[in-house]
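A.B. asks: Quick one: this structure, given as structure tokens, is what I'll be asking you about.
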Amino acid sequence: MRTDKLKRIWTWPWQEEATPREVFRWVKVLFWGNMIAIPASALLYGERFDAVSYPLSWLGNPATVNGLPNQRGMLVFDANLLLSAVVCVRLGKLMWRSGKQLIPRAMAALFFAAALGLVVALVPCATHDPIHRLGAGLMTTSLWLLGFALLWQTYRYAHGIWFYLLVVMNHLLLYIYAVLFFANRPSQTLAQKGAFFGLLCNLYIPARAALAQAGQEEAEPELTVEVGQR
């Protein structure tokens with residue numbers, strides 16, 4: 001049974017439709033995979049990782065800023081990048097299969113672009129910083145644009161606190177980081193963590209809201225039948 005499940009996951013092209021449950025399942029893998037792997041990589045860093053002063057990219061370098069070996073931290077960080085790339089390809093395929101309209105196809109292209117950026121970002125910034133920046137920039141831009149596409153969907157499904165929370169995550173945290181980055185302020189490294197968390201919330205909150213709405217729509221017919229039987 002486990003073999004069949006693995007075959008279903010890795011067979012190309014994948015056959016699942018882009019249902020809210022299927023999309024949320026993979027978004028949840030992406031969200032919690034990063035929420036677990038990045039702190040784990042920081043804990044395994046060759047020396048004390050200063051989250052305020054050190055950028056996340058340094059977790060993927062073979063040596064620390066002081067020259068100590070960082071094989072374990074780098075391994076976890078790179079494995080997470082590869083897993084995230086696979087999940088983005090998965091979500092891109094689901095979006096592509098969900099319809100021929102412009103929005104699903106554009107979202108699929110953005111997921112594929114994010115996956116490509118994650119793979120390119122595997123190149124350590126300590127040795128090839130321009131290439132690493134290119135990959136990280138492609139990933140960030142793709143997920144940021146996906147946030148705009150999903151903002152409308154969240155407004156449909158989740159009026160109130162969840163929608164406004166996503167607006168804050170999608171805009172305020174990212175814009176603060178962008179301003180600090182282009183101004184070359186030291187606090188940009190701390191803002192980077194908040195911006196990355198915002199990018200993940202761009203996907204998690206809309207997918208969770210769509211799943212909740214789909215559950216309500218499935219429950220309504222059942223209620224109607226019960227009332228009719230009475």
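Ligands are numbered from 1 in the order shown, residues from 1 within each chain, and chains are lettered A, B, ... in the order they appear in the structure tokens.
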Among the residues of range 75-178 of chain A, find those DSSP assigns to alpha helix (DSSP H) from the backbone and print them as a compact mmCIF listing (two decimals) with C-alpha atoms, in the first residue's frame.
C.D. replies:
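Result file is states28.txt:
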# COMPACT_ATOMS: atom_id res chain seq x y z
CA LEU A 75 22.38 19.62 4.54
CA VAL A 76 19.11 20.41 6.33
CA PHE A 77 18.82 23.79 4.63
CA ASP A 78 19.42 22.39 1.13
CA ALA A 79 17.10 19.43 1.72
CA ASN A 80 14.36 21.89 2.66
CA LEU A 81 14.97 23.91 -0.51
CA LEU A 82 14.65 20.76 -2.61
CA LEU A 83 11.49 19.64 -0.79
CA SER A 84 9.98 23.10 -1.23
CA ALA A 85 10.82 23.01 -4.95
CA VAL A 86 9.10 19.63 -5.34
CA VAL A 87 6.01 20.92 -3.52
CA CYS A 88 5.91 24.03 -5.72
CA VAL A 89 6.06 21.85 -8.84
CA ARG A 90 3.27 19.75 -7.37
CA LEU A 91 1.11 22.81 -6.72
CA GLY A 92 1.92 24.14 -10.18
CA LYS A 93 0.67 20.93 -11.77
CA LEU A 94 -2.51 21.07 -9.70
CA MET A 95 -3.14 24.66 -10.77
CA TRP A 96 -2.43 23.80 -14.41
CA ARG A 97 -4.95 20.97 -14.32
CA LEU A 102 -5.76 32.87 -17.24
CA ILE A 103 -5.56 32.96 -13.43
CA PRO A 104 -4.98 29.20 -12.82
CA ARG A 105 -2.42 29.03 -15.63
CA ALA A 106 -0.63 32.16 -14.35
CA MET A 107 -0.55 30.71 -10.84
CA ALA A 108 0.86 27.47 -12.22
CA ALA A 109 3.62 29.40 -13.99
CA LEU A 110 4.44 31.26 -10.79
CA PHE A 111 4.68 28.01 -8.82
CA PHE A 112 7.03 26.60 -11.48
CA ALA A 113 9.12 29.80 -11.34
CA ALA A 114 9.31 29.57 -7.55
CA ALA A 115 10.50 25.97 -7.85
CA LEU A 116 13.20 27.01 -10.31
CA GLY A 117 14.29 29.80 -7.99
CA LEU A 118 14.55 27.39 -5.06
CA VAL A 119 16.77 25.05 -7.08
CA VAL A 120 19.03 27.90 -8.21
CA ASP A 129 26.45 35.15 -4.48
CA PRO A 130 24.99 36.61 -7.74
CA ILE A 131 23.59 33.20 -8.74
CA HIS A 132 22.16 32.60 -5.27
CA ARG A 133 20.57 36.06 -5.26
CA LEU A 134 19.04 35.36 -8.66
CA GLY A 135 17.38 32.18 -7.37
CA ALA A 136 16.22 33.76 -4.12
CA GLY A 137 14.87 36.76 -5.98
CA LEU A 138 12.95 34.59 -8.44
CA MET A 139 11.44 32.57 -5.59
CA THR A 140 10.50 35.66 -3.58
CA THR A 141 8.96 37.49 -6.54
CA SER A 142 6.95 34.44 -7.60
CA LEU A 143 5.49 33.81 -4.14
CA TRP A 144 4.80 37.51 -3.70
CA LEU A 145 2.83 37.65 -6.97
CA LEU A 146 1.00 34.48 -5.94
CA GLY A 147 -0.03 36.37 -2.83
CA PHE A 148 -1.76 38.96 -4.99
CA ALA A 149 -3.57 36.26 -6.97
CA LEU A 150 -4.71 34.51 -3.79
CA LEU A 151 -5.73 37.74 -2.07
CA TRP A 152 -8.96 37.90 -4.09
CA GLN A 153 -9.69 34.25 -3.33
CA THR A 154 -9.26 34.88 0.38
CA TYR A 155 -11.58 37.87 0.22
CA ARG A 156 -14.24 35.58 -1.26
CA TYR A 157 -13.82 32.85 1.35
CA ILE A 161 -9.64 38.86 10.43
CA TRP A 162 -8.06 36.27 8.10
CA PHE A 163 -8.33 38.53 5.08
CA TYR A 164 -6.81 41.52 6.87
CA LEU A 165 -4.11 39.33 8.39
CA LEU A 166 -3.13 38.22 4.89
CA VAL A 167 -3.03 41.83 3.72
CA LEU A 173 6.16 42.74 6.15
CA LEU A 174 7.42 42.42 2.58
CA TYR A 175 7.45 46.15 1.95
CA ILE A 176 9.32 46.82 5.17
CA TYR A 177 11.96 44.30 4.14
CA ALA A 178 12.17 45.73 0.62
A.B. asks: Might you pull out every residue within 8 Å of Pro124 in chain A, with only C-alpha atoms counted and same-chain residues fewer than 6 positions away left off, and present them as a PyMOL selection string?
C.D. replies: chain A and resi 57-58+60-62+132
A.B. asks: Go ahead and write the selection's residues with N, CA, C and O atoms as a tab-separated table (two decimals), in the first residue's frame.
C.D. replies:
chain	number	residue	atom	x	y	z
A	57	SER	N	20.34	32.99	4.14
A	57	SER	CA	21.17	32.38	3.10
A	57	SER	C	22.43	31.76	3.67
A	57	SER	O	22.96	30.79	3.11
A	58	TRP	N	22.93	32.30	4.78
A	58	TRP	CA	24.16	31.77	5.36
A	58	TRP	C	23.99	30.36	5.89
A	58	TRP	O	24.98	29.64	6.07
A	60	GLY	N	22.90	27.98	4.24
A	60	GLY	CA	23.23	27.08	3.14
A	60	GLY	C	24.68	27.12	2.71
A	60	GLY	O	25.03	26.57	1.65
A	61	ASN	N	25.56	27.74	3.50
A	61	ASN	CA	26.98	27.79	3.17
A	61	ASN	C	27.72	26.61	3.82
A	61	ASN	O	27.36	26.17	4.90
A	62	PRO	N	28.75	26.10	3.16
A	62	PRO	CA	29.49	24.96	3.73
A	62	PRO	C	30.30	25.31	4.97
A	62	PRO	O	30.71	24.42	5.72
A	132	HIS	N	23.07	32.86	-6.40
A	132	HIS	CA	22.16	32.60	-5.27
A	132	HIS	C	21.11	33.70	-5.16
A	132	HIS	O	19.93	33.42	-4.94
A.B. asks: Which polymer residues have any atom within 10 Å of an atom of Tyr54 in chain A, counting only C-alpha atoms, with same-chain residues fewer than 3 positions away left out, as JSON, numbers by chain?
C.D. replies: {"A": [49, 50, 51, 57, 58, 59, 65, 186, 188, 189, 190, 192]}
